[in-house]
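What's in entry-v5.csv: CSV, N, CA and C atoms
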```csv
chain,number,residue,atom,x,y,z
A,1,MET,N,13.7,-10.7,-2.6
A,1,MET,CA,12.7,-10.2,-3.5
A,1,MET,C,11.5,-9.8,-2.7
A,2,LEU,N,11.0,-8.6,-2.9
A,2,LEU,CA,9.9,-8.0,-2.1
A,2,LEU,C,8.6,-8.8,-2.3
A,3,GLN,N,8.4,-9.3,-3.5
A,3,GLN,CA,7.2,-10.1,-3.8
A,3,GLN,C,7.1,-11.3,-2.9
A,4,GLN,N,8.2,-11.9,-2.5
A,4,GLN,CA,8.2,-13.0,-1.6
A,4,GLN,C,7.6,-12.7,-0.3
A,5,LYS,N,7.8,-11.5,0.2
A,5,LYS,CA,7.1,-11.1,1.5
A,5,LYS,C,5.6,-11.1,1.3
A,6,LEU,N,5.1,-10.6,0.2
A,6,LEU,CA,3.7,-10.7,-0.1
A,6,LEU,C,3.2,-12.1,-0.2
A,7,ILE,N,3.9,-12.9,-0.9
A,7,ILE,CA,3.6,-14.4,-1.0
A,7,ILE,C,3.5,-15.0,0.4
A,8,ASP,N,4.5,-14.7,1.2
A,8,ASP,CA,4.5,-15.3,2.6
A,8,ASP,C,3.3,-14.8,3.4
A,9,PHE,N,3.0,-13.5,3.3
A,9,PHE,CA,1.8,-13.0,4.0
A,9,PHE,C,0.6,-13.7,3.6
A,10,ILE,N,0.3,-13.8,2.3
A,10,ILE,CA,-0.9,-14.5,1.8
A,10,ILE,C,-0.9,-16.0,2.3
A,11,GLN,N,0.3,-16.6,2.2
A,11,GLN,CA,0.3,-18.0,2.5
A,11,GLN,C,0.2,-18.3,4.0
A,12,SER,N,0.2,-17.3,4.8
A,12,SER,CA,0.0,-17.5,6.3
A,12,SER,C,-1.4,-17.8,6.5
A,13,GLY,N,-2.3,-17.5,5.6
A,13,GLY,CA,-3.7,-17.9,5.8
A,13,GLY,C,-4.4,-18.7,4.7
A,14,HIS,N,-3.7,-18.8,3.5
A,14,HIS,CA,-4.2,-19.5,2.4
A,14,HIS,C,-3.1,-20.2,1.6
A,15,THR,N,-3.5,-21.2,0.9
A,15,THR,CA,-2.5,-21.9,0.1
A,15,THR,C,-2.5,-21.3,-1.3
A,16,LEU,N,-1.3,-21.0,-1.8
A,16,LEU,CA,-1.1,-20.5,-3.2
A,16,LEU,C,-0.5,-21.6,-4.1
A,17,SER,N,-0.9,-21.7,-5.3
A,17,SER,CA,-0.3,-22.6,-6.3
A,17,SER,C,0.9,-21.9,-6.8
A,18,LYS,N,1.7,-22.6,-7.5
A,18,LYS,CA,2.9,-22.1,-8.2
A,18,LYS,C,2.4,-21.0,-9.2
A,19,ALA,N,1.3,-21.3,-9.9
A,19,ALA,CA,0.8,-20.3,-10.9
A,19,ALA,C,0.4,-19.0,-10.2
A,20,ASP,N,-0.2,-19.1,-9.0
A,20,ASP,CA,-0.6,-17.9,-8.3
A,20,ASP,C,0.6,-17.1,-7.9
A,21,MET,N,1.7,-17.8,-7.4
A,21,MET,CA,2.9,-17.1,-7.0
A,21,MET,C,3.6,-16.4,-8.2
A,22,ASP,N,3.5,-17.1,-9.4
A,22,ASP,CA,4.1,-16.5,-10.6
A,22,ASP,C,3.3,-15.2,-11.0
A,23,LEU,N,2.0,-15.2,-10.8
A,23,LEU,CA,1.2,-14.0,-11.1
A,23,LEU,C,1.6,-12.9,-10.2
A,24,ILE,N,1.8,-13.2,-8.9
A,24,ILE,CA,2.2,-12.1,-8.0
A,24,ILE,C,3.5,-11.5,-8.4
A,25,VAL,N,4.5,-12.4,-8.8
A,25,VAL,CA,5.8,-11.9,-9.2
A,25,VAL,C,5.6,-11.1,-10.5
A,26,GLN,N,4.7,-11.5,-11.4
A,26,GLN,CA,4.6,-10.8,-12.6
A,26,GLN,C,3.9,-9.4,-12.5
A,27,TYR,N,2.8,-9.4,-11.6
A,27,TYR,CA,2.0,-8.2,-11.6
A,27,TYR,C,2.2,-7.2,-10.4
A,28,PHE,N,2.9,-7.6,-9.4
A,28,PHE,CA,3.2,-6.8,-8.2
A,28,PHE,C,4.6,-6.2,-8.4
A,29,GLU,N,4.7,-4.9,-8.6
A,29,GLU,CA,6.0,-4.3,-8.9
A,29,GLU,C,6.4,-3.6,-7.6
A,30,PRO,N,7.6,-3.9,-7.1
A,30,PRO,CA,8.1,-3.3,-5.8
A,30,PRO,C,8.4,-1.8,-6.1
A,31,VAL,N,8.0,-0.9,-5.2
A,31,VAL,CA,8.4,0.5,-5.3
A,31,VAL,C,8.9,0.9,-3.9
A,32,LEU,N,9.8,1.8,-3.9
A,32,LEU,CA,10.3,2.4,-2.6
A,32,LEU,C,10.0,3.9,-2.7
A,33,PHE,N,9.4,4.4,-1.5
A,33,PHE,CA,9.1,5.8,-1.4
A,33,PHE,C,9.9,6.4,-0.3
A,34,PRO,N,10.5,7.5,-0.4
A,34,PRO,CA,11.2,8.2,0.7
A,34,PRO,C,10.2,8.7,1.7
A,35,LYS,N,10.7,8.8,2.9
A,35,LYS,CA,9.9,9.3,4.0
A,35,LYS,C,9.3,10.7,3.7
A,36,ASN,N,8.0,10.8,4.1
A,36,ASN,CA,7.2,12.1,3.9
A,36,ASN,C,6.8,12.3,2.4
A,37,ARG,N,6.9,11.3,1.6
A,37,ARG,CA,6.5,11.4,0.2
A,37,ARG,C,5.0,11.3,0.1
A,38,ILE,N,4.3,12.1,-0.6
A,38,ILE,CA,2.9,12.0,-0.9
A,38,ILE,C,2.8,11.1,-2.1
A,39,ILE,N,2.1,9.9,-2.0
A,39,ILE,CA,2.0,9.0,-3.1
A,39,ILE,C,0.7,9.0,-3.8
A,40,GLU,N,-0.3,9.5,-3.3
A,40,GLU,CA,-1.6,9.7,-4.0
A,40,GLU,C,-2.1,11.1,-3.6
A,41,GLU,N,-2.7,11.8,-4.5
A,41,GLU,CA,-3.2,13.1,-4.3
A,41,GLU,C,-4.7,13.2,-4.0
A,42,GLU,N,-5.1,14.1,-3.2
A,42,GLU,CA,-6.5,14.3,-2.9
A,42,GLU,C,-7.3,14.5,-4.1
A,43,GLY,N,-8.5,13.9,-4.1
A,43,GLY,CA,-9.4,14.1,-5.2
A,43,GLY,C,-9.2,13.3,-6.4
A,44,LYS,N,-8.2,12.4,-6.4
A,44,LYS,CA,-7.9,11.6,-7.6
A,44,LYS,C,-8.2,10.1,-7.2
A,45,VAL,N,-8.6,9.4,-8.2
A,45,VAL,CA,-8.8,8.0,-8.0
A,45,VAL,C,-7.5,7.3,-7.9
A,46,PRO,N,-7.2,6.5,-6.8
A,46,PRO,CA,-5.9,5.8,-6.7
A,46,PRO,C,-5.7,4.9,-7.9
A,47,LYS,N,-4.4,4.8,-8.3
A,47,LYS,CA,-4.0,4.0,-9.4
A,47,LYS,C,-3.6,2.6,-9.0
A,48,TYR,N,-3.2,2.5,-7.8
A,48,TYR,CA,-2.5,1.2,-7.3
A,48,TYR,C,-3.1,0.7,-6.0
A,49,LEU,N,-2.9,-0.5,-5.8
A,49,LEU,CA,-3.2,-1.2,-4.5
A,49,LEU,C,-1.8,-1.3,-3.8
A,50,TYR,N,-1.7,-0.8,-2.6
A,50,TYR,CA,-0.4,-0.8,-2.0
A,50,TYR,C,-0.3,-1.9,-0.9
A,51,TYR,N,0.8,-2.7,-0.9
A,51,TYR,CA,1.1,-3.6,0.1
A,51,TYR,C,2.3,-3.1,0.8
A,52,ILE,N,2.2,-2.8,2.1
A,52,ILE,CA,3.2,-2.2,2.9
A,52,ILE,C,4.2,-3.3,3.4
A,53,VAL,N,5.4,-3.3,3.1
A,53,VAL,CA,6.4,-4.3,3.5
A,53,VAL,C,7.2,-3.7,4.7
A,54,SER,N,7.5,-2.5,4.7
A,54,SER,CA,8.2,-1.9,5.8
A,54,SER,C,7.9,-0.4,5.9
A,55,GLY,N,8.0,0.2,7.0
A,55,GLY,CA,7.7,1.6,7.2
A,55,GLY,C,6.2,1.8,7.5
A,56,TYR,N,5.8,3.0,7.6
A,56,TYR,CA,4.4,3.3,7.9
A,56,TYR,C,3.8,4.2,6.9
A,57,LEU,N,2.5,4.1,6.7
A,57,LEU,CA,1.8,4.9,5.7
A,57,LEU,C,0.7,5.6,6.5
A,58,ARG,N,0.6,6.9,6.3
A,58,ARG,CA,-0.4,7.7,7.0
A,58,ARG,C,-1.3,8.4,5.9
A,59,LEU,N,-2.6,8.3,6.1
A,59,LEU,CA,-3.6,9.0,5.3
A,59,LEU,C,-4.0,10.2,6.1
A,60,PHE,N,-4.1,11.3,5.4
A,60,PHE,CA,-4.5,12.6,6.0
A,60,PHE,C,-5.2,13.5,5.0
A,61,TYR,N,-5.9,14.5,5.6
A,61,TYR,CA,-6.4,15.5,4.7
A,61,TYR,C,-6.3,16.8,5.5
A,62,TYR,N,-6.4,17.9,4.8
A,62,TYR,CA,-6.4,19.3,5.5
A,62,TYR,C,-7.8,19.7,5.7
A,63,ASN,N,-8.1,20.1,6.9
A,63,ASN,CA,-9.5,20.6,7.2
A,63,ASN,C,-9.6,22.1,6.7
A,64,GLU,N,-10.7,22.6,7.0
A,64,GLU,CA,-11.0,24.0,6.5
A,64,GLU,C,-10.1,25.1,7.1
A,65,THR,N,-9.4,24.8,8.2
A,65,THR,CA,-8.5,25.8,8.8
A,65,THR,C,-7.1,25.4,8.4
A,66,GLY,N,-6.8,24.4,7.6
A,66,GLY,CA,-5.5,24.1,7.2
A,66,GLY,C,-4.8,23.1,8.1
A,67,ASP,N,-5.4,22.5,9.1
A,67,ASP,CA,-4.8,21.5,10.0
A,67,ASP,C,-4.8,20.2,9.3
A,68,GLU,N,-3.7,19.4,9.5
A,68,GLU,CA,-3.7,18.0,9.0
A,68,GLU,C,-4.5,17.1,9.9
A,69,ILE,N,-5.4,16.4,9.3
A,69,ILE,CA,-6.3,15.4,10.1
A,69,ILE,C,-5.9,14.0,9.6
A,70,THR,N,-5.3,13.2,10.5
A,70,THR,CA,-4.9,11.8,10.1
A,70,THR,C,-6.2,11.0,10.3
A,71,THR,N,-6.4,10.2,9.2
A,71,THR,CA,-7.6,9.3,9.2
A,71,THR,C,-7.2,7.8,9.2
A,72,HIS,N,-5.9,7.5,9.0
A,72,HIS,CA,-5.5,6.1,8.9
A,72,HIS,C,-4.0,6.0,9.0
A,73,ILE,N,-3.5,5.1,9.8
A,73,ILE,CA,-2.1,4.8,9.9
A,73,ILE,C,-2.0,3.3,9.6
A,74,ASN,N,-1.2,2.9,8.6
A,74,ASN,CA,-1.0,1.5,8.3
A,74,ASN,C,0.4,1.1,8.6
A,75,CYS,N,0.6,0.0,9.4
A,75,CYS,CA,1.9,-0.5,9.7
A,75,CYS,C,2.0,-1.9,9.0
A,76,PRO,N,3.2,-2.3,8.7
A,76,PRO,CA,3.5,-3.5,7.9
A,76,PRO,C,3.3,-4.7,8.8
A,77,PRO,N,3.1,-5.9,8.2
A,77,PRO,CA,2.8,-6.1,6.8
A,77,PRO,C,1.3,-5.9,6.6
A,78,GLY,N,0.9,-5.5,5.4
A,78,GLY,CA,-0.5,-5.4,5.1
A,78,GLY,C,-0.8,-4.5,3.9
A,79,PHE,N,-2.0,-4.6,3.4
A,79,PHE,CA,-2.5,-3.8,2.3
A,79,PHE,C,-3.1,-2.5,2.9
A,80,LEU,N,-3.0,-1.5,2.1
A,80,LEU,CA,-3.7,-0.3,2.4
A,80,LEU,C,-5.0,-0.4,1.7
A,81,PRO,N,-6.1,-0.4,2.5
A,81,PRO,CA,-7.4,-0.6,2.0
A,81,PRO,C,-7.7,0.5,0.9
A,82,PRO,N,-8.1,0.1,-0.3
A,82,PRO,CA,-8.3,1.1,-1.4
A,82,PRO,C,-9.4,2.1,-1.1
A,83,THR,N,-10.4,1.6,-0.3
A,83,THR,CA,-11.5,2.5,0.0
A,83,THR,C,-11.1,3.6,0.9
A,84,SER,N,-10.0,3.4,1.7
A,84,SER,CA,-9.6,4.4,2.6
A,84,SER,C,-8.9,5.6,1.9
A,85,LEU,N,-8.6,5.4,0.6
A,85,LEU,CA,-8.1,6.5,-0.2
A,85,LEU,C,-9.1,7.4,-0.9
A,86,LEU,N,-10.3,7.0,-0.9
A,86,LEU,CA,-11.4,7.7,-1.6
A,86,LEU,C,-12.0,8.8,-0.7
```

Is it possible to express this structure as structure tokens?
Amino acid sequence: MLQQKLIDFIQSGHTLSKADMDLIVQYFEPVLFPKNRIIEEEGKVPKYLYYIVSGYLRLFYYNETGDEITTHINCPPGFLPPTSLL
């Protein structure tokens, strides 16, 4: 279960109660994205908080000449900071 990886990550620095773990299982829905998939579009408010279990996530934008400019690379495990999407 992918939620267990999130629980293990949090418990590496904090203690979680059974109720907390149950909430994680209830509210964190595992999703899988194929490589090179754009998951959030420019100019829109992000809908989700992402916890990366495996793979890498890259944030980028296109500059005025059309070049891709990478602003953030996230490797697992960890959350994608929501402010980095704005």

Shell of 9 Å around Val25 (chain A), only C-alpha atoms, local chain residues under 4 positions omitted, as number ranges by chain: A: 3-4, 7, 20-21, 29

- request: Please work out which residues fall within 12 Å of (9.1, 5.4, 3.9), coordinates as given in the file, with only C-alpha atoms counting, and return them as a count of residues only.
  value: 19

message: To one decimal place in Å, what is the distance between atom N of Tyr27 (chain A) and atom N of Leu59 (chain A)?
response: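 Distance reported for this atom pair: 25.6 Å.
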
Residue list as a PyMOL selection string for point (1.7, -3.3, -6.2), cut-off 6.5 Å, only N, CA and C atoms: chain A and resi 27-30+48-51

message: Just the number, please: distance in Å from CA of Asp8 (chain A) to CA of Glu40 (chain A), one decimal.
response: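 Atom-to-atom, CA of Asp8 (chain A) and CA of Glu40 (chain A) are spaced 26.6 Å apart.
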
field: For atom C of Lys44 (chain A) and atom C of Pro77 (chain A), the interatomic separation in Å (one decimal)
entry: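 According to the coordinates, atom C of Lys44 (chain A) and atom C of Pro77 (chain A) are separated by 23.2 Å.
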
query: Using only C-alpha atoms, which of A:Lys5, A:Glu42, A:Leu80, A:Ile10 sits nearest Tyr62 (chain A)?
result: A:Glu42

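Among A:Ile24, A:Ala19, A:Val45, A:Leu6, the residue with the shortest atom-to-atom distance to Gly78 (chain A), counting only C-alpha atoms, is A:Leu6.
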
- request: Determine which residues of chain A DSSP labels as strand (DSSP E or B) from the backbone of this structure, then write them out as a ChimeraX atom specification.
  value: /A:51-52,57-62,68-74,78-79

For the residues selected in the previous step, produce a file with N, CA and C atoms as a CSV table (one decimal), keeping the file's coordinate frame.
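Result saved to again28.csv:
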```csv
chain,number,residue,atom,x,y,z
A,51,TYR,N,0.8,-2.7,-0.9
A,51,TYR,CA,1.1,-3.6,0.1
A,51,TYR,C,2.3,-3.1,0.8
A,52,ILE,N,2.2,-2.8,2.1
A,52,ILE,CA,3.2,-2.2,2.9
A,52,ILE,C,4.2,-3.3,3.4
A,57,LEU,N,2.5,4.1,6.7
A,57,LEU,CA,1.8,4.9,5.7
A,57,LEU,C,0.7,5.6,6.5
A,58,ARG,N,0.6,6.9,6.3
A,58,ARG,CA,-0.4,7.7,7.0
A,58,ARG,C,-1.3,8.4,5.9
A,59,LEU,N,-2.6,8.3,6.1
A,59,LEU,CA,-3.6,9.0,5.3
A,59,LEU,C,-4.0,10.2,6.1
A,60,PHE,N,-4.1,11.3,5.4
A,60,PHE,CA,-4.5,12.6,6.0
A,60,PHE,C,-5.2,13.5,5.0
A,61,TYR,N,-5.9,14.5,5.6
A,61,TYR,CA,-6.4,15.5,4.7
A,61,TYR,C,-6.3,16.8,5.5
A,62,TYR,N,-6.4,17.9,4.8
A,62,TYR,CA,-6.4,19.3,5.5
A,62,TYR,C,-7.8,19.7,5.7
A,68,GLU,N,-3.7,19.4,9.5
A,68,GLU,CA,-3.7,18.0,9.0
A,68,GLU,C,-4.5,17.1,9.9
A,69,ILE,N,-5.4,16.4,9.3
A,69,ILE,CA,-6.3,15.4,10.1
A,69,ILE,C,-5.9,14.0,9.6
A,70,THR,N,-5.3,13.2,10.5
A,70,THR,CA,-4.9,11.8,10.1
A,70,THR,C,-6.2,11.0,10.3
A,71,THR,N,-6.4,10.2,9.2
A,71,THR,CA,-7.6,9.3,9.2
A,71,THR,C,-7.2,7.8,9.2
A,72,HIS,N,-5.9,7.5,9.0
A,72,HIS,CA,-5.5,6.1,8.9
A,72,HIS,C,-4.0,6.0,9.0
A,73,ILE,N,-3.5,5.1,9.8
A,73,ILE,CA,-2.1,4.8,9.9
A,73,ILE,C,-2.0,3.3,9.6
A,74,ASN,N,-1.2,2.9,8.6
A,74,ASN,CA,-1.0,1.5,8.3
A,74,ASN,C,0.4,1.1,8.6
A,78,GLY,N,0.9,-5.5,5.4
A,78,GLY,CA,-0.5,-5.4,5.1
A,78,GLY,C,-0.8,-4.5,3.9
A,79,PHE,N,-2.0,-4.6,3.4
A,79,PHE,CA,-2.5,-3.8,2.3
A,79,PHE,C,-3.1,-2.5,2.9
```

query: So which bits of chain A end up helix (DSSP H, G or I) when you DSSP the backbone, as a ChimeraX atom specification?
result: /A:2-11,18-27,82-85
